[in-house]
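*Asks:* As input, take coords10.cif (mmCIF, C-alpha atoms):
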```
data_start
loop_
_atom_site.label_atom_id
_atom_site.label_comp_id
_atom_site.auth_asym_id
_atom_site.auth_seq_id
_atom_site.Cartn_x
_atom_site.Cartn_y
_atom_site.Cartn_z
CA MET A 171 65.03 84.11 3.11
CA ILE A 172 64.99 87.86 2.80
CA THR A 173 67.37 90.46 4.19
CA LEU A 174 66.01 92.93 6.71
CA ARG A 175 68.09 96.08 7.10
CA ILE A 176 68.02 97.52 10.61
CA PRO A 177 68.46 101.26 11.26
CA THR A 178 71.22 102.31 13.69
CA PRO A 179 68.90 103.25 16.60
CA LEU A 180 67.29 99.78 16.58
CA ARG A 181 70.48 97.72 16.35
CA PRO A 182 70.98 97.51 20.13
CA TYR A 183 67.60 95.71 20.27
CA ALA A 184 68.56 93.34 17.45
CA GLY A 185 71.76 91.90 18.85
CA GLY A 186 73.78 94.71 17.27
CA ALA A 187 73.15 93.44 13.72
CA ASN A 188 72.66 95.78 10.78
CA GLU A 189 71.19 93.05 8.60
CA ILE A 190 69.14 90.03 9.60
CA GLN A 191 67.96 87.13 7.44
CA VAL A 192 64.33 86.19 8.02
CA ASN A 193 61.70 83.89 6.52
CA GLY A 194 58.08 84.60 5.69
CA GLU A 195 55.79 85.01 2.72
CA THR A 196 54.69 88.55 3.51
CA VAL A 197 56.22 91.68 4.97
CA GLY A 198 54.08 91.16 8.09
CA ALA A 199 55.29 87.57 8.52
CA ALA A 200 58.92 88.63 8.13
CA LEU A 201 58.47 91.28 10.81
CA GLU A 202 56.71 88.75 13.01
CA GLU A 203 59.71 86.46 12.80
CA LEU A 204 62.03 89.37 13.54
CA THR A 205 60.12 90.45 16.64
CA ASN A 206 59.77 86.85 17.84
CA THR A 207 63.55 86.53 17.72
CA TYR A 208 64.08 89.97 19.28
CA PRO A 209 60.99 90.68 21.43
CA THR A 210 62.24 94.06 22.73
CA LEU A 211 62.04 95.39 19.15
CA ARG A 212 58.27 95.01 19.17
CA LYS A 213 57.37 98.13 21.15
CA HIS A 214 59.55 100.25 18.88
CA LEU A 215 57.76 99.07 15.74
CA TYR A 216 54.15 98.52 16.82
CA ASN A 217 51.66 100.54 18.86
CA GLU A 218 49.52 99.12 21.67
CA TYR A 219 46.93 97.96 19.09
CA GLY A 220 49.51 95.88 17.27
CA GLU A 221 49.59 98.28 14.29
CA LEU A 222 52.84 99.56 12.79
CA ARG A 223 53.62 102.94 14.40
CA THR A 224 52.83 105.75 11.98
CA PHE A 225 56.39 107.03 11.68
CA VAL A 226 57.80 103.58 10.87
CA ASN A 227 58.37 103.28 7.14
CA LEU A 228 59.19 100.00 5.42
CA TYR A 229 60.77 99.90 2.03
CA LEU A 230 60.74 96.67 0.04
CA ASN A 231 63.54 96.95 -2.53
CA ASP A 232 63.27 100.74 -2.23
CA GLU A 233 59.49 100.88 -2.55
CA ASP A 234 57.34 102.10 0.33
CA ILE A 235 55.09 99.20 1.36
CA ARG A 236 52.24 101.69 1.90
CA GLN A 237 52.27 102.12 -1.90
CA LEU A 238 52.13 98.31 -2.24
CA GLN A 239 49.83 96.15 -0.10
CA GLY A 240 51.15 97.22 3.30
CA THR A 241 52.18 94.39 5.62
CA ALA A 242 50.27 91.97 3.37
CA THR A 243 52.76 92.65 0.55
CA ARG A 244 54.21 89.34 -0.63
CA ILE A 245 57.95 88.86 -0.53
CA LYS A 246 60.26 86.51 -2.39
CA PRO A 247 63.70 85.11 -1.59
CA GLY A 248 66.44 87.68 -2.11
CA ASP A 249 64.22 90.69 -1.40
CA ARG A 250 65.55 93.44 0.83
CA LEU A 251 63.35 95.10 3.41
CA MET A 252 64.48 98.35 5.05
CA ILE A 253 63.07 99.78 8.30
CA ILE A 254 63.36 103.57 8.43
CA PRO A 255 61.90 106.20 10.73
CA SER A 256 60.32 109.06 8.84
CA ILE A 257 62.02 112.37 9.31
CA ALA A 258 59.32 114.98 8.97
CA GLY A 259 57.04 112.25 7.80
CA GLY A 260 58.98 111.96 4.62
CA LYS A 261 60.11 109.20 2.39
CA GLY A 262 62.24 111.85 0.68
CA GLN A 263 64.84 110.42 -1.63
CA VAL A 264 65.19 106.96 -0.08
CA ALA A 265 64.84 105.27 -3.44
CA GLN A 266 67.58 107.48 -4.86
CA TRP A 267 70.04 106.75 -2.10
CA LYS A 268 72.59 104.07 -2.81
CA MET B 1122 57.41 147.02 16.49
CA ALA B 1123 56.04 149.73 18.76
CA ASP B 1124 52.31 149.94 19.45
CA ILE B 1125 51.26 153.39 18.24
CA SER B 1126 47.49 153.32 18.49
CA THR B 1127 44.42 151.19 19.03
CA LEU B 1128 41.50 151.36 16.64
CA SER B 1129 38.27 149.48 17.38
CA GLY B 1130 40.28 147.08 19.51
CA VAL B 1131 42.71 146.33 16.67
CA LYS B 1132 46.24 147.30 17.50
CA ILE B 1133 48.06 149.16 14.77
CA TYR B 1134 51.79 148.56 14.74
CA LYS B 1135 54.45 150.70 13.24
CA ALA B 1136 55.80 148.97 10.13
CA ARG B 1137 59.32 147.64 10.26
CA GLU B 1138 61.90 149.78 8.57
CA ALA B 1139 63.16 148.70 5.16
CA GLY B 1140 66.29 146.61 5.45
CA ASN B 1141 68.03 143.34 4.68
CA LEU B 1142 66.77 139.80 5.12
CA GLU B 1143 69.10 139.19 8.07
CA ASP B 1144 67.63 142.18 9.90
CA VAL B 1145 64.27 140.45 10.33
CA VAL B 1146 65.60 137.35 12.11
CA GLY B 1147 64.31 136.96 15.65
CA ASN B 1148 61.92 139.23 17.52
CA THR B 1149 59.23 136.61 16.95
CA PRO B 1150 55.77 136.82 18.56
CA LEU B 1151 55.09 135.12 21.90
CA LEU B 1152 51.64 133.58 21.58
CA GLN B 1153 49.45 132.49 24.47
CA LEU B 1154 47.74 129.10 24.25
CA ARG B 1155 44.12 129.72 25.21
CA ARG B 1156 41.80 126.81 24.47
CA LEU B 1157 44.25 124.00 25.22
CA THR B 1158 44.91 125.56 28.63
CA ALA B 1159 41.25 125.90 29.69
CA HIS B 1160 41.59 123.05 32.22
CA LEU B 1161 44.59 124.57 34.01
CA ASN B 1162 44.59 126.55 37.24
CA PRO B 1163 43.65 130.17 36.44
CA GLY B 1164 47.01 131.38 37.71
CA VAL B 1165 48.87 129.35 35.08
CA ARG B 1166 49.62 130.67 31.59
CA VAL B 1167 51.37 128.93 28.70
CA PHE B 1168 53.11 130.77 25.85
CA ALA B 1169 55.00 129.70 22.74
CA LYS B 1170 57.57 131.58 20.68
CA ALA B 1171 56.28 131.50 17.09
CA GLU B 1172 59.58 130.78 15.39
CA TRP B 1173 58.12 130.21 11.92
CA PHE B 1174 57.91 134.03 11.71
CA ASN B 1175 61.64 134.01 10.94
CA PRO B 1176 62.41 134.65 7.24
CA GLY B 1177 63.78 131.13 6.67
CA GLY B 1178 60.70 129.69 8.36
CA SER B 1179 62.24 128.28 11.52
CA ILE B 1180 64.13 128.94 14.73
CA LYS B 1181 67.30 127.80 12.96
CA ASP B 1182 67.66 131.24 11.36
CA ARG B 1183 69.02 132.44 14.69
CA PRO B 1184 71.96 130.02 15.08
CA ALA B 1185 72.65 129.84 11.33
CA LEU B 1186 72.96 133.61 11.04
CA ASN B 1187 75.12 133.88 14.16
CA ILE B 1188 77.40 131.07 12.95
CA ILE B 1189 77.76 132.76 9.53
CA ARG B 1190 78.36 136.23 10.99
CA LYS B 1191 80.99 134.96 13.40
CA ALA B 1192 82.77 132.99 10.65
CA LEU B 1193 82.74 136.02 8.33
CA LYS B 1194 84.18 138.18 11.09
CA GLN B 1195 86.92 135.63 11.78
CA GLY B 1196 87.69 135.32 8.07
CA LYS B 1197 86.66 131.65 7.99
CA LEU B 1198 84.04 132.36 5.30
CA GLY B 1199 84.18 134.56 2.20
CA ASP B 1200 86.12 134.38 -1.07
CA GLY B 1201 84.05 131.44 -2.26
CA ARG B 1202 84.74 129.15 0.71
CA ILE B 1203 81.89 126.67 1.09
CA LEU B 1204 79.79 126.46 4.23
CA LEU B 1205 79.45 122.76 5.09
CA ASP B 1206 77.23 121.12 7.70
CA SER B 1207 74.89 118.24 8.39
CA THR B 1208 71.19 118.86 8.87
CA SER B 1209 67.86 117.12 8.77
CA GLY B 1210 66.31 120.18 7.20
CA ASN B 1211 65.68 123.46 9.01
CA MET B 1212 69.30 124.38 9.75
CA GLY B 1213 70.11 123.64 6.12
CA ILE B 1214 67.27 125.86 4.93
CA ALA B 1215 68.55 128.68 7.15
CA TYR B 1216 72.13 128.29 5.88
CA ALA B 1217 70.93 128.15 2.28
CA THR B 1218 68.73 131.23 2.77
CA PHE B 1219 71.49 133.43 4.17
CA GLY B 1220 74.08 131.80 1.93
CA ALA B 1221 72.02 132.90 -1.07
CA THR B 1222 71.60 136.49 0.05
CA LEU B 1223 75.22 136.87 1.22
CA GLY B 1224 76.80 135.01 -1.70
CA ILE B 1225 78.12 132.04 0.30
CA PRO B 1226 77.99 128.58 -1.34
CA VAL B 1227 76.40 125.91 0.89
CA THR B 1228 76.90 122.12 0.93
CA LEU B 1229 74.79 119.96 3.24
CA ALA B 1230 74.88 116.33 4.31
CA ILE B 1231 71.26 115.29 4.81
CA PRO B 1232 69.66 111.88 5.46
CA ALA B 1233 67.95 110.58 2.31
CA ASN B 1234 64.72 110.11 4.26
CA ALA B 1235 64.32 113.83 4.98
CA SER B 1236 60.93 114.89 3.65
CA SER B 1237 60.61 115.74 -0.02
CA GLU B 1238 59.46 119.26 0.91
CA ARG B 1239 62.76 119.92 2.67
CA ILE B 1240 64.85 118.54 -0.14
CA SER B 1241 62.90 120.64 -2.69
CA ILE B 1242 63.28 123.83 -0.65
CA LEU B 1243 67.03 123.26 -0.25
CA LYS B 1244 67.41 122.69 -3.98
CA ALA B 1245 65.34 125.79 -4.75
CA LEU B 1246 67.68 127.85 -2.55
CA GLY B 1247 70.67 126.52 -4.45
CA ALA B 1248 72.26 124.35 -1.75
CA LYS B 1249 74.35 121.38 -2.83
CA LEU B 1250 73.10 118.21 -1.15
CA VAL B 1251 74.97 115.07 -0.19
CA LEU B 1252 72.37 112.42 0.68
CA THR B 1253 73.35 110.04 3.47
CA ASP B 1254 72.21 106.57 4.53
CA PRO B 1255 68.60 106.77 5.74
CA LEU B 1256 69.32 103.90 8.15
CA GLU B 1257 71.78 106.07 10.03
CA GLY B 1258 69.62 109.18 10.48
CA SER B 1259 71.07 112.51 11.56
CA ASP B 1260 74.17 110.92 13.13
CA GLY B 1261 75.01 109.42 9.72
CA ALA B 1262 74.73 112.88 8.13
CA LEU B 1263 76.95 114.32 10.87
CA ARG B 1264 79.64 111.70 10.23
CA LYS B 1265 79.47 112.37 6.49
CA ALA B 1266 79.91 116.13 6.90
CA SER B 1267 82.89 115.64 9.17
CA GLU B 1268 84.40 113.16 6.68
CA LEU B 1269 83.98 115.62 3.78
CA TYR B 1270 85.68 118.32 5.82
CA GLU B 1271 88.61 116.11 6.77
CA LYS B 1272 89.19 115.25 3.12
CA HIS B 1273 89.21 118.89 1.93
CA PRO B 1274 89.66 121.27 4.86
CA GLU B 1275 90.85 124.00 2.48
CA LYS B 1276 87.54 124.00 0.58
CA TYR B 1277 85.14 124.25 3.47
CA PHE B 1278 84.12 126.14 6.55
CA TYR B 1279 82.67 123.31 8.64
CA ALA B 1280 79.89 125.10 10.54
CA ASN B 1281 79.25 122.07 12.80
CA GLN B 1282 76.04 123.18 14.48
CA TYR B 1283 76.38 120.49 17.16
CA ASP B 1284 79.72 121.73 18.46
CA ASN B 1285 79.81 125.40 17.47
CA PRO B 1286 79.30 127.77 20.46
CA ALA B 1287 77.87 130.39 18.08
CA ASN B 1288 74.78 128.12 18.01
CA TRP B 1289 73.81 128.49 21.68
CA GLU B 1290 75.14 132.04 21.83
CA ALA B 1291 72.50 133.06 19.26
CA HIS B 1292 69.80 132.10 21.76
CA TYR B 1293 71.66 133.72 24.64
CA LEU B 1294 71.75 136.93 22.62
CA SER B 1295 68.23 136.88 21.16
CA THR B 1296 65.72 134.21 22.24
CA GLY B 1297 66.47 134.65 25.95
CA PRO B 1298 66.28 138.46 26.06
CA GLU B 1299 63.10 138.44 23.94
CA ILE B 1300 61.37 136.03 26.34
CA VAL B 1301 62.35 138.07 29.39
CA GLU B 1302 61.00 141.21 27.75
CA GLN B 1303 57.83 139.60 26.38
CA THR B 1304 56.91 138.05 29.74
CA GLN B 1305 58.10 141.12 31.63
CA GLY B 1306 60.37 138.83 33.58
CA GLU B 1307 57.45 136.70 34.81
CA ILE B 1308 58.51 133.44 33.14
CA THR B 1309 58.78 130.62 35.72
CA HIS B 1310 59.34 127.57 33.45
CA PHE B 1311 61.09 127.19 30.11
CA VAL B 1312 60.52 124.07 27.99
CA ALA B 1313 62.65 123.27 24.94
CA GLY B 1314 63.33 120.24 22.78
CA LEU B 1315 66.86 118.85 22.55
CA GLY B 1316 68.35 118.61 19.07
CA THR B 1317 71.71 120.33 19.07
CA SER B 1318 70.56 121.60 22.52
CA GLY B 1319 71.35 125.16 21.35
CA THR B 1320 67.92 126.60 22.22
CA LEU B 1321 67.85 125.20 25.74
CA THR B 1322 71.49 125.98 26.46
CA GLY B 1323 71.53 129.58 25.21
CA THR B 1324 68.06 130.61 26.34
CA GLY B 1325 68.39 128.69 29.61
CA ARG B 1326 71.71 130.30 30.53
CA TYR B 1327 70.34 133.77 29.83
CA LEU B 1328 67.16 133.17 31.84
CA ARG B 1329 69.15 131.83 34.81
CA GLU B 1330 71.52 134.77 34.77
CA MET B 1331 68.77 137.36 34.47
CA LEU B 1332 66.04 135.90 36.60
CA GLY B 1333 67.65 133.32 38.83
CA LYS B 1334 65.17 130.60 39.52
CA VAL B 1335 63.51 129.78 36.20
CA GLU B 1336 62.97 126.02 35.91
CA LEU B 1337 64.46 124.55 32.71
CA ILE B 1338 62.80 121.47 31.23
CA ALA B 1339 64.45 119.60 28.37
CA THR B 1340 62.30 117.55 26.00
CA GLN B 1341 63.51 114.48 24.18
CA PRO B 1342 62.02 111.49 22.31
CA ASP B 1343 61.09 108.52 24.51
CA SER B 1344 63.13 106.15 22.36
CA PRO B 1345 66.15 106.20 20.04
CA PHE B 1346 63.80 105.20 17.20
CA HIS B 1347 61.30 108.04 16.78
CA GLY B 1348 59.63 110.39 14.33
CA LEU B 1349 60.32 113.68 16.09
CA GLU B 1350 62.07 115.72 13.46
CA GLY B 1351 64.93 117.80 14.82
CA LEU B 1352 65.00 116.14 18.25
CA LYS B 1353 67.62 113.73 19.58
CA HIS B 1354 67.43 110.93 22.10
CA MET B 1355 70.52 112.11 23.98
CA PRO B 1356 71.39 108.87 25.82
CA THR B 1357 71.89 107.03 22.52
CA ALA B 1358 72.87 109.77 20.04
CA ILE B 1359 76.23 111.39 19.33
CA LYS B 1360 76.35 114.05 22.04
CA PRO B 1361 76.70 117.65 20.84
CA ALA B 1362 79.73 119.35 22.40
CA ILE B 1363 77.55 122.35 23.26
CA PHE B 1364 75.16 120.19 25.33
CA ASP B 1365 75.45 120.83 29.06
CA PRO B 1366 73.61 117.96 30.80
CA GLN B 1367 73.81 119.81 34.14
CA LEU B 1368 71.78 122.76 32.87
CA PRO B 1369 68.20 121.41 32.70
CA ASP B 1370 66.41 120.83 36.01
CA ARG B 1371 64.72 117.86 34.41
CA THR B 1372 64.17 116.04 31.15
CA GLN B 1373 60.71 115.00 30.01
CA GLU B 1374 60.34 112.29 27.40
CA VAL B 1375 57.59 112.41 24.81
CA THR B 1376 56.31 109.77 22.39
CA THR B 1377 55.99 110.47 18.68
CA GLU B 1378 52.29 109.58 18.92
CA ASP B 1379 51.62 112.15 21.68
CA ALA B 1380 53.46 114.80 19.67
CA HIS B 1381 51.42 113.93 16.55
CA ARG B 1382 48.12 114.20 18.44
CA MET B 1383 49.20 117.53 19.91
CA VAL B 1384 50.08 118.89 16.46
CA LEU B 1385 46.46 118.30 15.39
CA GLN B 1386 45.10 119.83 18.59
CA LEU B 1387 47.25 122.93 18.11
CA ALA B 1388 45.97 123.30 14.55
CA ARG B 1389 42.31 122.69 15.37
CA GLN B 1390 42.00 124.35 18.76
CA GLU B 1391 44.55 127.14 18.64
CA GLY B 1392 44.81 127.85 14.90
CA LEU B 1393 48.52 127.07 15.10
CA PHE B 1394 49.59 125.00 12.08
CA VAL B 1395 52.98 123.91 13.38
CA GLY B 1396 55.53 121.14 12.90
CA ILE B 1397 56.03 117.93 14.86
CA SER B 1398 58.67 119.21 17.29
CA SER B 1399 56.25 122.00 18.25
CA GLY B 1400 53.73 119.29 19.11
CA ALA B 1401 56.33 117.66 21.37
CA ALA B 1402 57.16 121.01 23.00
CA ALA B 1403 53.48 121.82 23.59
CA TRP B 1404 52.76 118.37 25.03
CA VAL B 1405 55.54 118.82 27.59
CA ALA B 1406 54.69 122.48 28.31
CA LEU B 1407 51.06 121.53 29.03
CA LYS B 1408 52.15 118.62 31.22
CA VAL B 1409 54.43 120.93 33.22
CA ALA B 1410 51.66 123.55 33.43
CA SER B 1411 49.12 120.98 34.68
CA GLU B 1412 51.30 120.38 37.77
CA LEU B 1413 51.32 124.08 38.77
CA ASP B 1414 49.08 126.30 40.89
CA GLN B 1415 50.63 129.40 39.44
CA GLY B 1416 53.23 130.17 36.84
CA VAL B 1417 54.20 131.30 33.35
CA VAL B 1418 55.37 128.44 31.16
CA VAL B 1419 57.16 129.37 27.95
CA THR B 1420 58.14 127.05 25.15
CA VAL B 1421 59.35 127.35 21.59
CA PHE B 1422 57.55 126.26 18.43
CA PRO B 1423 60.44 125.73 15.99
CA ASP B 1424 58.55 125.75 12.67
CA ALA B 1425 55.23 125.65 10.83
CA GLY B 1426 53.46 122.60 9.42
CA TYR B 1427 54.01 123.24 5.72
CA LYS B 1428 57.16 121.13 5.46
CA TYR B 1429 55.33 118.12 6.88
CA LEU B 1430 52.34 118.08 4.54
CA SER B 1431 53.52 115.00 2.64
CA ASP B 1432 52.84 113.03 5.84
CA ARG B 1433 49.18 112.39 5.08
CA GLN B 1434 48.70 110.09 8.06
CA LEU B 1435 49.65 112.91 10.40
CA TRP B 1436 47.15 115.50 9.19
CA GLU B 1437 44.20 113.31 8.45
CA GLY B 1438 44.06 111.82 11.94
CA ASN B 1439 41.21 112.37 14.37
#
```
Just give me the structure of the file as structure tokens.

*Replies:*
Amino acid sequence: MITLRIPTPLRPYAGGANEIQVNGETVGAALEELTNTYPTLRKHLYNEYGELRTFVNLYLNDEDIRQLQGTATRIKPGDRLMIIPSIAGGKGQVAQWK
Amino acid sequence: MADISTLSGVKIYKAREAGNLEDVVGNTPLLQLRRLTAHLNPGVRVFAKAEWFNPGGSIKDRPALNIIRKALKQGKLGDGRILLDSTSGNMGIAYATFGATLGIPVTLAIPANASSERISILKALGAKLVLTDPLEGSDGALRKASELYEKHPEKYFYANQYDNPANWEAHYLSTGPEIVEQTQGEITHFVAGLGTSGTLTGTGRYLREMLGKVELIATQPDSPFHGLEGLKHMPTAIKPAIFDPQLPDRTQEVTTEDAHRMVLQLARQEGLFVGISSGAAAWVALKVASELDQGVVVTVFPDAGYKYLSDRQLWEGN
């Protein structure tokens, strides 16, 4: 089980939750489980080709998954995955924010 | 800038007089889109206000300066009182710019996911930053600023760009009159993105009063979850008090992807290296223009592309 943190604008599509527990061995699998549970989330996260939309940033324990292995990045129980829209394309100081 | 002569087809302009930084805010160029409009009816022209020509690099110089001037006049700023507001970047840069030159300390609540360029510029200008939860976006920063003010009202002047009438009044006093003059009153459609709604409200009110039937088109993201810096999805965001939903004739939604593609087209086909909200504005302006037989469509390009360079995926696209 990992914890997925949901940004405010997406909470209405995720039953109002700010955190959701999901299973999966990779970031992609965790997102798959999330969007299977909440299908209306899918179009906000993926484009028509099934790729993550370019402004959607995912941070695994504060690290941008694009710097890791993308959606193939492996996850382990207790990890935290954060979904954040880029503002001005930035990852800014996400890692510094607590 | 008066045209004094023409030499080999190159216009020579009289140089601006020496003055202060605040004196060069506004009076930005109105640039015609040429190649991206080639498919339109010949009677249709599309123009954009090049707002990155402002000294702080964005349209936000206008409202920031007006807010500061009004507060100074009313005695709400001065004597070391701190200007406080929330921002996702440009408004903060404008406050910090004029704060530095006028000796006003500036504290800003800013989402931690604002781009590193913005955060670096704000630090360079000496602003104090309070980073807010990236999951909560600009509304989270807004709540934080208001919380800080409520804790220490004696320390701060809370500029509150979302609710402060001096925001839209800046556009009523400058952006609107400039557009009327630059189009010689021929503007038929005005397109502007909704963030605080200041640009649309102030410019729109002026255009309506001066010219009567100019059509006002508001632009907003197609979804509450988007990558359009500076723009708000009004139905789901905290509504700015200055927003008048009755003012626009219509609202056109734009996807982040369409805005991104348009940013590249503007760079590669018009030589305009602009930011993402300019891409959104251009996409809507061109859509509006494509439905016309005749008309002058004017929009606003809020800033240049420099502050978005860390977004590699955006600039390296095809």

*Asks:* From the options A:Asn206, A:Gln237, A:Leu228, A:Met252, which residue's atoms come nearest to chain B, counting only C-alpha atoms?

*Replies:*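 Smallest distance to chain B is found for A:Met252.
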
*Asks:* Rank A:Asn193, A:Leu204, A:Glu218, A:Gln239 by their smallest atom-to-atom distance to chain B, using all atoms listed in the file, and report the top residue only.

*Replies:*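 Ranked by minimum distance to chain B, first place goes to A:Glu218.
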
*Asks:* Give as a ChimeraX atom specification every residue of chain B that touches chain A within 7 Å, counting all atoms listed in the file.

*Replies:* /B:1233-1237,1252,1254-1257,1345-1348,1350,1429,1431-1432

*Asks:* Mind dumping the selected residues with C-alpha atoms as a tab-separated table (two decimals), keeping the file's coordinate frame?

*Replies:*
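Result written to part_4.tsv:
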```
chain	number	residue	atom	x	y	z
B	1233	ALA	CA	67.95	110.58	2.31
B	1234	ASN	CA	64.72	110.11	4.26
B	1235	ALA	CA	64.32	113.83	4.98
B	1236	SER	CA	60.93	114.89	3.65
B	1237	SER	CA	60.61	115.74	-0.02
B	1252	LEU	CA	72.37	112.42	0.68
B	1254	ASP	CA	72.21	106.57	4.53
B	1255	PRO	CA	68.60	106.77	5.74
B	1256	LEU	CA	69.32	103.90	8.15
B	1257	GLU	CA	71.78	106.07	10.03
B	1345	PRO	CA	66.15	106.20	20.04
B	1346	PHE	CA	63.80	105.20	17.20
B	1347	HIS	CA	61.30	108.04	16.78
B	1348	GLY	CA	59.63	110.39	14.33
B	1350	GLU	CA	62.07	115.72	13.46
B	1429	TYR	CA	55.33	118.12	6.88
B	1431	SER	CA	53.52	115.00	2.64
B	1432	ASP	CA	52.84	113.03	5.84
```

*Asks:* I'd like the residues picked by the PyMOL selection byres ((chain B and resi 1264) around 12) written out as a CSV table (one decimal) with C-alpha atoms, in the coordinates of the input, using the chain letters and numbers from the file.

*Replies:*
```csv
chain,number,residue,atom,x,y,z
B,1206,ASP,CA,77.2,121.1,7.7
B,1207,SER,CA,74.9,118.2,8.4
B,1208,THR,CA,71.2,118.9,8.9
B,1229,LEU,CA,74.8,120.0,3.2
B,1230,ALA,CA,74.9,116.3,4.3
B,1231,ILE,CA,71.3,115.3,4.8
B,1232,PRO,CA,69.7,111.9,5.5
B,1251,VAL,CA,75.0,115.1,-0.2
B,1253,THR,CA,73.4,110.0,3.5
B,1254,ASP,CA,72.2,106.6,4.5
B,1257,GLU,CA,71.8,106.1,10.0
B,1258,GLY,CA,69.6,109.2,10.5
B,1259,SER,CA,71.1,112.5,11.6
B,1260,ASP,CA,74.2,110.9,13.1
B,1261,GLY,CA,75.0,109.4,9.7
B,1262,ALA,CA,74.7,112.9,8.1
B,1263,LEU,CA,77.0,114.3,10.9
B,1265,LYS,CA,79.5,112.4,6.5
B,1266,ALA,CA,79.9,116.1,6.9
B,1267,SER,CA,82.9,115.6,9.2
B,1268,GLU,CA,84.4,113.2,6.7
B,1269,LEU,CA,84.0,115.6,3.8
B,1270,TYR,CA,85.7,118.3,5.8
B,1271,GLU,CA,88.6,116.1,6.8
B,1281,ASN,CA,79.2,122.1,12.8
B,1283,TYR,CA,76.4,120.5,17.2
B,1359,ILE,CA,76.2,111.4,19.3
```

*Asks:* If the PyMOL selection byres ((chain B and resi 1179) around 8) were run on this exact file, what residues would it hold? Put them as a CSV table (one decimal) with C-alpha atoms, keeping the file's coordinate frame.

*Replies:*
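Written file, part_16.csv:
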```csv
chain,number,residue,atom,x,y,z
B,1172,GLU,CA,59.6,130.8,15.4
B,1173,TRP,CA,58.1,130.2,11.9
B,1174,PHE,CA,57.9,134.0,11.7
B,1175,ASN,CA,61.6,134.0,10.9
B,1176,PRO,CA,62.4,134.6,7.2
B,1177,GLY,CA,63.8,131.1,6.7
B,1178,GLY,CA,60.7,129.7,8.4
B,1180,ILE,CA,64.1,128.9,14.7
B,1181,LYS,CA,67.3,127.8,13.0
B,1182,ASP,CA,67.7,131.2,11.4
B,1211,ASN,CA,65.7,123.5,9.0
B,1215,ALA,CA,68.6,128.7,7.2
B,1423,PRO,CA,60.4,125.7,16.0
B,1424,ASP,CA,58.6,125.8,12.7
B,1425,ALA,CA,55.2,125.6,10.8
```

*Asks:* Quick check, in Å to one decimal: how far apart do CA of Gln1282 in chain B and CA of Arg1239 in chain B lie?

*Replies:*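 CA of Gln1282 in chain B sits 18.1 Å away from CA of Arg1239 in chain B.
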
*Asks:* Check what the PyMOL selection byres ((chain B and resi 1277) around 8) selects in the file above and give those residues as a list in words.

*Replies:*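 Residues picked by the PyMOL selection byres ((chain B and resi 1277) around 8): Arg1202, Ile1203, Leu1204, Leu1205, Tyr1270, His1273, Pro1274, Glu1275, Lys1276, Phe1278 and Tyr1279 of chain B.
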
*Asks:* Between CA of Ala1403 in chain B and CA of Lys1353 in chain B, measure the distance and give it in Å to one decimal.

*Replies:* 16.8 Å

*Asks:* What is the distance between CA of Tyr1427 in chain B and CA of Ala1171 in chain B, in Å to one decimal?

*Replies:*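 Rounded to one decimal, the two atoms are 14.2 Å apart.
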
*Asks:* Compare A:Met171, A:Tyr216, A:Ala187, A:Leu251 by their minimum atom-to-atom distance to Ile235 in chain A, counting only C-alpha atoms, and give me the closest one.

*Replies:*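 Result for the nearest residue to Ile235 in chain A: A:Leu251.
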
*Asks:* List the neighbours of Pro1184 in chain B out to 6 Å using all atoms listed in the file; skip same-chain residues closer than 3 positions along the sequence, and give me the result as number ranges by chain.

*Replies:* B: 1181, 1187-1188, 1288, 1291

*Asks:* Measuring atom to atom with all atoms listed in the file, identify which of A:Tyr219, A:Leu230, A:Glu189, A:Thr205 is nearest to Ile245 in chain A.

*Replies:* A:Leu230

*Asks:* Taking all atoms listed in the file into account, name the residue in B:Leu1246, B:Gly1438, B:Gly1199, B:Gln1153 that is nearest to Tyr1216 in chain B.

*Replies:* B:Leu1246
